[in-house]
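Q: This is the structure, below, for whatever I ask next.
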Amino acid sequence: MGIFDQVMGAIQDPNREASIGQLGQIVSMAQQVAQTNNANSSATQQAASVVGGFVQSALREKQQTQGMDAVLDLVQQGTTDGAGVLPKLFSPAQQSAVATAVAEKTGLDANQVSAMLPMVIPIVMKFLSQGSAKAGTQAQGNPLVSAFLDSDGDGDVDMGDMLKMAGRFM
């Protein structure tokens, strides 16, 4: 089950935060980052994808060292505070490496990418936070974050992973 399938499942689940409106907000945020930084939408989407891969690695490490609650807290904080979360995800050297990797993939200038990172992180985190449980519901955890992190660390979301996630979700 792909991450997008997880998003669609969260949208259909009345106990989750996801909505079509939130997806629209995420797309609008990406367009706004592109306009603000004189980049095209395609480059910004590609930047978000590359940054997402680095965020995935950082969150996996956070999960291994501090647990899933620390990851979920970081995702929540990152939805509104990209600049505050950036140093919690990446050291200065790692931020430079992320900017260089994004620049190589998108053709954007690495300095421009460095300036964009605090704006791109909330896009990734808002996407992930859609799986959060709505306040006042019995739902727990965040199946989107679990799928994103691929809990068993094998690099894919296979049938075993889906069954585990389904068990936690139910």
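Residue numbering restarts at 1 for every chain of the structure tokens, chains are lettered A, B, ... in their displayed order, and ligands are numbered from 1 as they appear.
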Could you give me, as JSON lines, every segment 16-116 of chain A residue with an atom at most 9 Å from segment 121-128 of chain A, plus its closest atom pair and distance in Å to one decimal, counting only C-alpha atoms, rows ordered by chain then number?
A:
{"residue": "A:Ala18", "atom": "CA", "partner": "A:Phe127", "partner_atom": "CA", "distance": 8.8}
{"residue": "A:Gln22", "atom": "CA", "partner": "A:Lys126", "partner_atom": "CA", "distance": 8.3}
{"residue": "A:Leu23", "atom": "CA", "partner": "A:Phe127", "partner_atom": "CA", "distance": 7.5}
{"residue": "A:Ile26", "atom": "CA", "partner": "A:Ile123", "partner_atom": "CA", "distance": 5.9}
{"residue": "A:Val27", "atom": "CA", "partner": "A:Ile123", "partner_atom": "CA", "distance": 8.4}
{"residue": "A:Met29", "atom": "CA", "partner": "A:Ile123", "partner_atom": "CA", "distance": 6.7}
{"residue": "A:Ala30", "atom": "CA", "partner": "A:Ile123", "partner_atom": "CA", "distance": 6.9}
{"residue": "A:Ala48", "atom": "CA", "partner": "A:Val124", "partner_atom": "CA", "distance": 6.8}
{"residue": "A:Ser49", "atom": "CA", "partner": "A:Val124", "partner_atom": "CA", "distance": 8.4}
{"residue": "A:Val51", "atom": "CA", "partner": "A:Ile121", "partner_atom": "CA", "distance": 7.5}
{"residue": "A:Gly52", "atom": "CA", "partner": "A:Val124", "partner_atom": "CA", "distance": 6.1}
{"residue": "A:Val55", "atom": "CA", "partner": "A:Val124", "partner_atom": "CA", "distance": 8.1}
{"residue": "A:Leu74", "atom": "CA", "partner": "A:Met125", "partner_atom": "CA", "distance": 8.5}
{"residue": "A:Val75", "atom": "CA", "partner": "A:Met125", "partner_atom": "CA", "distance": 5.2}
{"residue": "A:Gln76", "atom": "CA", "partner": "A:Met125", "partner_atom": "CA", "distance": 7.1}
{"residue": "A:Gln77", "atom": "CA", "partner": "A:Met125", "partner_atom": "CA", "distance": 8.3}
{"residue": "A:Gly78", "atom": "CA", "partner": "A:Pro122", "partner_atom": "CA", "distance": 5.3}
{"residue": "A:Thr79", "atom": "CA", "partner": "A:Pro122", "partner_atom": "CA", "distance": 4.5}
{"residue": "A:Thr80", "atom": "CA", "partner": "A:Pro122", "partner_atom": "CA", "distance": 6.1}
{"residue": "A:Asp81", "atom": "CA", "partner": "A:Pro122", "partner_atom": "CA", "distance": 6.9}
{"residue": "A:Gly82", "atom": "CA", "partner": "A:Ile121", "partner_atom": "CA", "distance": 5.3}
{"residue": "A:Ala83", "atom": "CA", "partner": "A:Ile121", "partner_atom": "CA", "distance": 8.3}
{"residue": "A:Val85", "atom": "CA", "partner": "A:Ile121", "partner_atom": "CA", "distance": 8.0}
{"residue": "A:Leu86", "atom": "CA", "partner": "A:Ile121", "partner_atom": "CA", "distance": 7.4}
{"residue": "A:Met116", "atom": "CA", "partner": "A:Ile121", "partner_atom": "CA", "distance": 8.7}
Q: Store the residues picked out above in a file with C-alpha atoms, as a short mmCIF file (atom, residue, chain, number, x, y, z; two decimals), in the first residue's frame.
A:
data_model
loop_
_atom_site.label_atom_id
_atom_site.label_comp_id
_atom_site.auth_asym_id
_atom_site.auth_seq_id
_atom_site.Cartn_x
_atom_site.Cartn_y
_atom_site.Cartn_z
CA ALA A 18 -6.89 14.42 6.65
CA GLN A 22 -5.71 19.95 3.52
CA LEU A 23 -4.32 18.39 0.35
CA ILE A 26 -0.32 21.57 0.78
CA VAL A 27 -0.37 22.10 -2.98
CA MET A 29 2.00 25.96 -0.02
CA ALA A 30 4.26 24.37 -2.66
CA ALA A 48 9.96 18.57 -1.65
CA SER A 49 10.43 15.00 -2.83
CA VAL A 51 13.82 16.80 1.09
CA GLY A 52 11.19 14.21 1.99
CA VAL A 55 13.36 13.86 6.36
CA LEU A 74 8.47 16.70 15.58
CA VAL A 75 6.04 16.17 12.70
CA GLN A 76 3.43 18.27 14.49
CA GLN A 77 5.91 21.06 15.29
CA GLY A 78 7.19 20.98 11.71
CA THR A 79 3.77 21.77 10.26
CA THR A 80 4.12 25.38 11.41
CA ASP A 81 7.77 25.90 12.35
CA GLY A 82 10.06 24.77 9.56
CA ALA A 83 12.91 26.96 10.77
CA VAL A 85 12.46 21.96 13.23
CA LEU A 86 15.26 22.17 10.66
CA MET A 116 13.81 27.35 0.86
#
Q: Show me, as a VMD selection string, the residues that have an atom within 6 Å of segment 12-15 of chain A when counting only C-alpha atoms, minus same-chain residues fewer than 4 positions from it.
A: chain A and resid 133 to 134 137
Q: Take the selection from the previous step and output its residues with N, CA and C atoms, as an mmCIF file, in the first residue's frame.
A:
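Below is the file again13.cif, written as the result:
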data_model
loop_
_atom_site.group_PDB
_atom_site.id
_atom_site.type_symbol
_atom_site.label_atom_id
_atom_site.label_comp_id
_atom_site.auth_asym_id
_atom_site.auth_seq_id
_atom_site.Cartn_x
_atom_site.Cartn_y
_atom_site.Cartn_z
ATOM 1 N N ALA A 133 -4.638 11.573 14.591
ATOM 2 C CA ALA A 133 -5.985 11.348 15.112
ATOM 3 C C ALA A 133 -6.643 12.684 15.443
ATOM 4 N N LYS A 134 -7.913 12.808 15.136
ATOM 5 C CA LYS A 134 -8.663 13.995 15.523
ATOM 6 C C LYS A 134 -8.847 13.997 17.034
ATOM 7 N N THR A 137 -11.268 11.590 19.569
ATOM 8 C CA THR A 137 -11.562 10.276 18.996
ATOM 9 C C THR A 137 -10.726 9.218 19.705
#
Q: May I have the residues within 8 Å of Thr106 of chain A as a PyMOL selection string, using only C-alpha atoms and disregarding those fewer than 4 positions away in the same chain?
A: chain A and resi 43-44+46-47+102
Q: Between A:Ala135, A:Leu117, A:Met68, A:Ile20, which is the closest to Val50 of chain A once you count only C-alpha atoms?
A: A:Leu117
Q: Nearest residue to Met8 of chain A out of A:Asn38, A:Gln130, A:Gln66, A:Asn142, using only C-alpha atoms?
A: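 Closest residue, counting only C-alpha atoms: A:Gln130.
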Q: Residues near segment 143-147 of chain A, anyone? I mean within 6 Å using only C-alpha atoms, not counting same-chain ones fewer than 2 positions away, as a count of residues only.
A: 6
Q: How far is it from atom CA of Ala39 of chain A to atom CA of Val98 of chain A, in Å with one decimal?
A: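 Value for the atom CA of Ala39 of chain A-atom CA of Val98 of chain A distance: 17.4 Å.
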Q: Which of segment 12-83 of chain A counts as helix (DSSP H, G or I) under DSSP, as a ChimeraX atom specification please?
A: /A:12,20-36,41-66,68-78,82-83
Q: Deliver the residues from the most recent selection as a file, using C-alpha atoms, as a PDB file, in the first residue's frame.
A:
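selection_21.pdb written:
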ATOM      1  CA  GLN A  12     -11.993   8.633   4.370  1.00  0.00           C
ATOM      2  CA  ILE A  20      -9.296  17.138   0.595  1.00  0.00           C
ATOM      3  CA  GLY A  21      -8.983  20.744   1.769  1.00  0.00           C
ATOM      4  CA  GLN A  22      -5.707  19.952   3.524  1.00  0.00           C
ATOM      5  CA  LEU A  23      -4.324  18.387   0.351  1.00  0.00           C
ATOM      6  CA  GLY A  24      -5.263  21.590  -1.448  1.00  0.00           C
ATOM      7  CA  GLN A  25      -3.472  23.657   1.205  1.00  0.00           C
ATOM      8  CA  ILE A  26      -0.324  21.573   0.779  1.00  0.00           C
ATOM      9  CA  VAL A  27      -0.374  22.097  -2.982  1.00  0.00           C
ATOM     10  CA  SER A  28      -0.942  25.826  -2.447  1.00  0.00           C
ATOM     11  CA  MET A  29       2.001  25.955  -0.025  1.00  0.00           C
ATOM     12  CA  ALA A  30       4.256  24.374  -2.661  1.00  0.00           C
ATOM     13  CA  GLN A  31       3.099  26.898  -5.243  1.00  0.00           C
ATOM     14  CA  GLN A  32       3.703  29.751  -2.806  1.00  0.00           C
ATOM     15  CA  VAL A  33       7.242  28.521  -2.055  1.00  0.00           C
ATOM     16  CA  ALA A  34       7.898  28.409  -5.796  1.00  0.00           C
ATOM     17  CA  GLN A  35       6.629  31.955  -6.315  1.00  0.00           C
ATOM     18  CA  THR A  36       8.466  33.346  -3.292  1.00  0.00           C
ATOM     19  CA  SER A  41       6.394  24.516  -9.463  1.00  0.00           C
ATOM     20  CA  SER A  42       8.011  21.418 -10.903  1.00  0.00           C
ATOM     21  CA  ALA A  43      11.366  22.229  -9.285  1.00  0.00           C
ATOM     22  CA  THR A  44       9.650  22.934  -5.970  1.00  0.00           C
ATOM     23  CA  GLN A  45       7.756  19.650  -6.089  1.00  0.00           C
ATOM     24  CA  GLN A  46      10.980  17.832  -6.899  1.00  0.00           C
ATOM     25  CA  ALA A  47      12.710  19.678  -4.049  1.00  0.00           C
ATOM     26  CA  ALA A  48       9.964  18.571  -1.654  1.00  0.00           C
ATOM     27  CA  SER A  49      10.430  15.001  -2.835  1.00  0.00           C
ATOM     28  CA  VAL A  50      14.199  15.048  -2.272  1.00  0.00           C
ATOM     29  CA  VAL A  51      13.822  16.803   1.087  1.00  0.00           C
ATOM     30  CA  GLY A  52      11.189  14.208   1.990  1.00  0.00           C
ATOM     31  CA  GLY A  53      13.759  11.446   1.516  1.00  0.00           C
ATOM     32  CA  PHE A  54      16.169  13.186   3.865  1.00  0.00           C
ATOM     33  CA  VAL A  55      13.364  13.863   6.365  1.00  0.00           C
ATOM     34  CA  GLN A  56      12.466  10.181   6.226  1.00  0.00           C
ATOM     35  CA  SER A  57      16.017   9.211   7.196  1.00  0.00           C
ATOM     36  CA  ALA A  58      16.136  11.800   9.976  1.00  0.00           C
ATOM     37  CA  LEU A  59      12.778  10.696  11.384  1.00  0.00           C
ATOM     38  CA  ARG A  60      13.819   7.038  11.266  1.00  0.00           C
ATOM     39  CA  GLU A  61      16.895   7.908  13.297  1.00  0.00           C
ATOM     40  CA  LYS A  62      14.751   9.916  15.716  1.00  0.00           C
ATOM     41  CA  GLN A  63      12.379   6.952  16.048  1.00  0.00           C
ATOM     42  CA  GLN A  64      15.253   4.587  16.835  1.00  0.00           C
ATOM     43  CA  THR A  65      16.828   6.875  19.420  1.00  0.00           C
ATOM     44  CA  GLN A  66      13.818   8.615  20.992  1.00  0.00           C
ATOM     45  CA  MET A  68       7.643   7.242  17.905  1.00  0.00           C
ATOM     46  CA  ASP A  69       6.195   9.899  20.240  1.00  0.00           C
ATOM     47  CA  ALA A  70       9.253  12.101  19.589  1.00  0.00           C
ATOM     48  CA  VAL A  71       8.735  11.623  15.835  1.00  0.00           C
ATOM     49  CA  LEU A  72       5.056  12.541  16.045  1.00  0.00           C
ATOM     50  CA  ASP A  73       5.874  15.621  18.133  1.00  0.00           C
ATOM     51  CA  LEU A  74       8.471  16.697  15.577  1.00  0.00           C
ATOM     52  CA  VAL A  75       6.036  16.175  12.699  1.00  0.00           C
ATOM     53  CA  GLN A  76       3.433  18.274  14.492  1.00  0.00           C
ATOM     54  CA  GLN A  77       5.906  21.060  15.288  1.00  0.00           C
ATOM     55  CA  GLY A  78       7.193  20.985  11.710  1.00  0.00           C
ATOM     56  CA  GLY A  82      10.060  24.769   9.556  1.00  0.00           C
ATOM     57  CA  ALA A  83      12.914  26.958  10.774  1.00  0.00           C
TER      58      ALA A  83
END
Q: Could you check which of A:Val7, A:Gln112, A:Pro118, A:Glu104 is closest to Phe90 of chain A, using only C-alpha atoms?
A: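 That would be A:Pro118, the residue with the smallest distance to Phe90 of chain A.
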